[in-house]
Amino acid sequence: MRAIGRPTAASGDARLRRRYAAERRFRLAGLFAVGLSAAFLAFLLITMAWKGLSGFTQFEAALPVDLARSDVILDPADLAGPEARNIVAGAPLNAAISQAAVAAYGEEAAQLFGGGAVRSLSRQLIADPSLLSRRAMLWLPVGSAVDVAAKQDTDLAAERLVERLESRDALRRTLNIDFLRESDATDPSAVGVWGALKGSFLTIMVTIMLAFPVGVLSAVYLEEFAPRNRWTDAIEVSINNLAAVPSIIFGLLGLAVFLNFMHLPRSAPLVGGLTLALMTMPVIVIAGRNAIQSVPPSIRDAALGVGASKMQVVFHHVLPLALPGILTGTIIGLARALGETAPLLMIGMRAFIVSPPNGITDPATVLPVQIFLWSDEVNRGFVEKTSAAIIVLLIFMLLMNGLAIYLRNRFERRW
Amino acid sequence: MKEKMPLTSNTPVPAPSAAIAAEAHRQDPSVAREEGLPPEPKGDVPTAEPAGSSEPTASPEPAPGPPPKMRAHEVSVSYGDKQALKNVSIDIHDDRVTAFIGPSGCGKSTFLRCLNRMNDTIPIARVTGRIELDGEDVNSTAMDVVQLRARVGMVFQKPNPFPKSIFENVAYGPRIHGLGSSKAELEEIVENSLKRAGLWDEVKDRLSESGTALSGGQQQRLCIARAIAVDPEVILMDEPCSALDPIATAKIEELIHELRGRYAIAIVTHNMQQAARVSQRTAFFHLGELIEAGHTSEIFTNPKMQRTQDYITGRYG
């Protein structure tokens, strides 16, 4: 035995060295892989931040406004009432701003201001109706062309205007809060993500409400109650296949079933949520079944042994222990649903919608679709808005995942 | 200790001291098996092939005494194509500990799990034969399996407390069965159960801590407390000490002694010394068959069957 087995000291040393070398190589390869993925992530985040952060700022120009001598005829008393917003919206503020800009900065300043300035002026009017009767210097957000020109080099006319404004100290950079509280618009300086954010939230709520209970109950039934036979095998295979179906197919399904057959409202978070729920459910079922399977059988035995019924075993013991795993699967499914664009395009959520939805049946869009739409725009002002919207989407997802991880850790128990 | 056990079971059988073991073994197993059987004992005798012929004649006296708590008659179990248990017939008595011994895979755990229908949870398991609890067929539709398991509790091989507090572990059973309507009553049940399981003094100050934080032996006693909290009539123990160290094992064995007066206990064990220490009756299983059953003293000192002899002397198994 010993004669065959024991290697000599020298050959043993060599082998030991080879073994350690192999281990070192493996560790380096692993380190390289981790480093590469970290680098990709960092690259993504840095480019997004680089391009997108300027989208959260907005240039404002000072404008001497004298509404008393313009075509704007408003009764200060009306501005105090509840209808103030509509009344102001009806006034020709745009023309008044344009006039004032030309008067202050010359002919080429006619397009200095855009939709954002009108909105800002309306707000300032409602806040301070005395502006109607006096001359005042107001800071108003500039239009997209000048905004872009102020941030980077673009066309010469806009550049010259920027220089002129800067020489008169009439240009300043401010935080663009409107980006978070306004919705889509044609003028990139006036756009915001609030409508899309609200649409995403409503859509994902519909998805959770449907996919989570249905998915978990399916998983529990299939794992704990269903007999093992050809039918349950077929269902299992179908569910696994469903999880791999491309999302656009679910969009077509949603279009055919929810819109054409059931006549639910087009572009609504309800339909979007239903479609995404179809897509998310199989993921939750698969994750739920795995989590339920991983609950040790000894716990089931223990509960059965003291005379718990099947349902008591499941709801008192198995489900609480499987919950962390189920939640993990749900998070993955919902994160995918939250970032989904294709199926929502099919059910009409790509419409241009200016007002944020107030319910799940109002027309709405969602963040990823909004990003897709903006990235398609010709206007250069949309470039930074697209990146800014991506940052908002990433933060939204991060918050959701954070919440889910918090929930998972709270429910996590060892056995 | 075990020598005086038959006395407690109010059978007229004399105590089998070592001296009279040879004589006792001839009558005792069959007597014990026949107590309370109204007519002729049918195939009650362990159906090991050669035993069947000689045994029934060796029981001339009609044995009075209480009927057995549980009685298995011609029980067979198969998992798919594989037969795990062949025609096992045996009785389990009140106030006594019945030990099932035998090599691994001999079917003793399978048999134990038949007694409270834990095999129901294995889809491919098929149980035939009749198992009675106080004369009721446990496999009949009239017997509710949940009630059955409340009456026939079980302690498992690996300590398996719920990942909940110690209090919740014990209170769970009574709560789902509606014992102890008020919190105070429930607390009393928990306290009594823990006391009876000999765990109260160790855990009374930390009832809200997780049951899984206890040591292995404490966990197993917690599981016993959990089983007795629902006030069962029979307690089945499936190798309760196999995962424990000798000191914890000794405590569990002591506990089994104390519980004997209140419950019928059936214990599966690999450890023959343990069977000899804790049980009054022993059944030897081999390859799915019940080879021999009888008074513990007798099985260990004077087994009738060659295979039993071989096993207890360590020739195989």
# chains A, B, ... in the order shown; residues from 1 in each chain; ligands from 1
>>> residues_around(residues="Ala276 (chain B)", least_positions_apart="4", cutoff="10 Å", atoms="only C-alpha atoms", output="count of residues only")
13
>>> residues_around(residues="region 63-68 of chain A", least_positions_apart="6", cutoff="8 Å", atoms="only C-alpha atoms", output="list of chain:residue names")
A:Ala96, A:Ile97, A:Ala100, A:Ala101, A:Ala104, A:Leu131, A:Leu132, A:Ser133, A:Arg134, A:Arg135, A:Ala136, A:Met137, A:Leu138, A:Trp139, A:Leu140, A:Ala170
>>> write_last_selection(atoms="N, CA and C atoms", output="PDB file, in the first residue's frame")
ATOM      1  N   ALA A  96     -47.716  87.859 -24.236  1.00  0.00           N
ATOM      2  CA  ALA A  96     -47.228  88.918 -23.355  1.00  0.00           C
ATOM      3  C   ALA A  96     -45.752  88.706 -23.041  1.00  0.00           C
ATOM      4  N   ILE A  97     -45.393  87.424 -22.752  1.00  0.00           N
ATOM      5  CA  ILE A  97     -43.992  87.122 -22.435  1.00  0.00           C
ATOM      6  C   ILE A  97     -43.119  87.413 -23.645  1.00  0.00           C
ATOM      7  N   ALA A 100     -42.608  91.092 -24.106  1.00  0.00           N
ATOM      8  CA  ALA A 100     -41.700  91.629 -23.093  1.00  0.00           C
ATOM      9  C   ALA A 100     -40.269  91.245 -23.409  1.00  0.00           C
ATOM     10  N   ALA A 101     -40.068  90.000 -23.894  1.00  0.00           N
ATOM     11  CA  ALA A 101     -38.723  89.531 -24.203  1.00  0.00           C
ATOM     12  C   ALA A 101     -38.128  90.319 -25.355  1.00  0.00           C
ATOM     13  N   ALA A 104     -37.145  93.679 -24.225  1.00  0.00           N
ATOM     14  CA  ALA A 104     -35.984  93.723 -23.343  1.00  0.00           C
ATOM     15  C   ALA A 104     -34.705  93.320 -24.060  1.00  0.00           C
ATOM     16  N   LEU A 131     -49.116  91.601  -9.404  1.00  0.00           N
ATOM     17  CA  LEU A 131     -48.268  91.664 -10.597  1.00  0.00           C
ATOM     18  C   LEU A 131     -49.035  92.179 -11.809  1.00  0.00           C
ATOM     19  N   LEU A 132     -50.342  92.019 -11.771  1.00  0.00           N
ATOM     20  CA  LEU A 132     -51.164  92.444 -12.901  1.00  0.00           C
ATOM     21  C   LEU A 132     -51.095  93.953 -13.115  1.00  0.00           C
ATOM     22  N   SER A 133     -50.888  94.669 -12.051  1.00  0.00           N
ATOM     23  CA  SER A 133     -51.031  96.116 -12.151  1.00  0.00           C
ATOM     24  C   SER A 133     -49.703  96.851 -11.998  1.00  0.00           C
ATOM     25  N   ARG A 134     -48.596  96.099 -11.854  1.00  0.00           N
ATOM     26  CA  ARG A 134     -47.326  96.843 -11.694  1.00  0.00           C
ATOM     27  C   ARG A 134     -46.251  96.223 -12.569  1.00  0.00           C
ATOM     28  N   ARG A 135     -45.183  96.994 -12.720  1.00  0.00           N
ATOM     29  CA  ARG A 135     -44.043  96.517 -13.478  1.00  0.00           C
ATOM     30  C   ARG A 135     -43.137  95.740 -12.525  1.00  0.00           C
ATOM     31  N   ALA A 136     -42.677  94.598 -13.002  1.00  0.00           N
ATOM     32  CA  ALA A 136     -41.842  93.801 -12.102  1.00  0.00           C
ATOM     33  C   ALA A 136     -40.774  93.073 -12.897  1.00  0.00           C
ATOM     34  N   MET A 137     -39.674  92.742 -12.216  1.00  0.00           N
ATOM     35  CA  MET A 137     -38.623  91.941 -12.811  1.00  0.00           C
ATOM     36  C   MET A 137     -38.843  90.501 -12.347  1.00  0.00           C
ATOM     37  N   LEU A 138     -39.126  89.617 -13.303  1.00  0.00           N
ATOM     38  CA  LEU A 138     -39.425  88.232 -12.930  1.00  0.00           C
ATOM     39  C   LEU A 138     -38.373  87.298 -13.501  1.00  0.00           C
ATOM     40  N   TRP A 139     -38.075  86.249 -12.758  1.00  0.00           N
ATOM     41  CA  TRP A 139     -37.193  85.202 -13.277  1.00  0.00           C
ATOM     42  C   TRP A 139     -38.074  84.113 -13.864  1.00  0.00           C
ATOM     43  N   LEU A 140     -37.910  83.856 -15.161  1.00  0.00           N
ATOM     44  CA  LEU A 140     -38.724  82.830 -15.817  1.00  0.00           C
ATOM     45  C   LEU A 140     -37.804  81.816 -16.495  1.00  0.00           C
ATOM     46  N   ALA A 170     -28.538  88.443 -16.638  1.00  0.00           N
ATOM     47  CA  ALA A 170     -29.965  88.116 -16.632  1.00  0.00           C
ATOM     48  C   ALA A 170     -30.191  86.616 -16.794  1.00  0.00           C
TER      49      ALA A 170
END
>>> residues_around(residues="Ile371 (chain A)", least_positions_apart="2", cutoff="7 Å", atoms="only C-alpha atoms", output="number ranges by chain")
A: 367-369, 373-375, 386, 389-390
>>> atom_distance(atom1="CA of Ser387 (chain A)", atom2="CA of Gly192 (chain A)")
12.4 Å
>>> closest_residue(among="A:Thr365, A:Leu398, A:Ile332, A:Val318", to="chain B", atoms="only C-alpha atoms")
A:Val318
>>> select_by_dssp(residues="region 49-265 of chain B", states="alpha helix (DSSP H)", output="number ranges by chain")
B: 49-54, 108-115, 145-151, 166-176, 183-196, 200-203, 216-229, 246-259
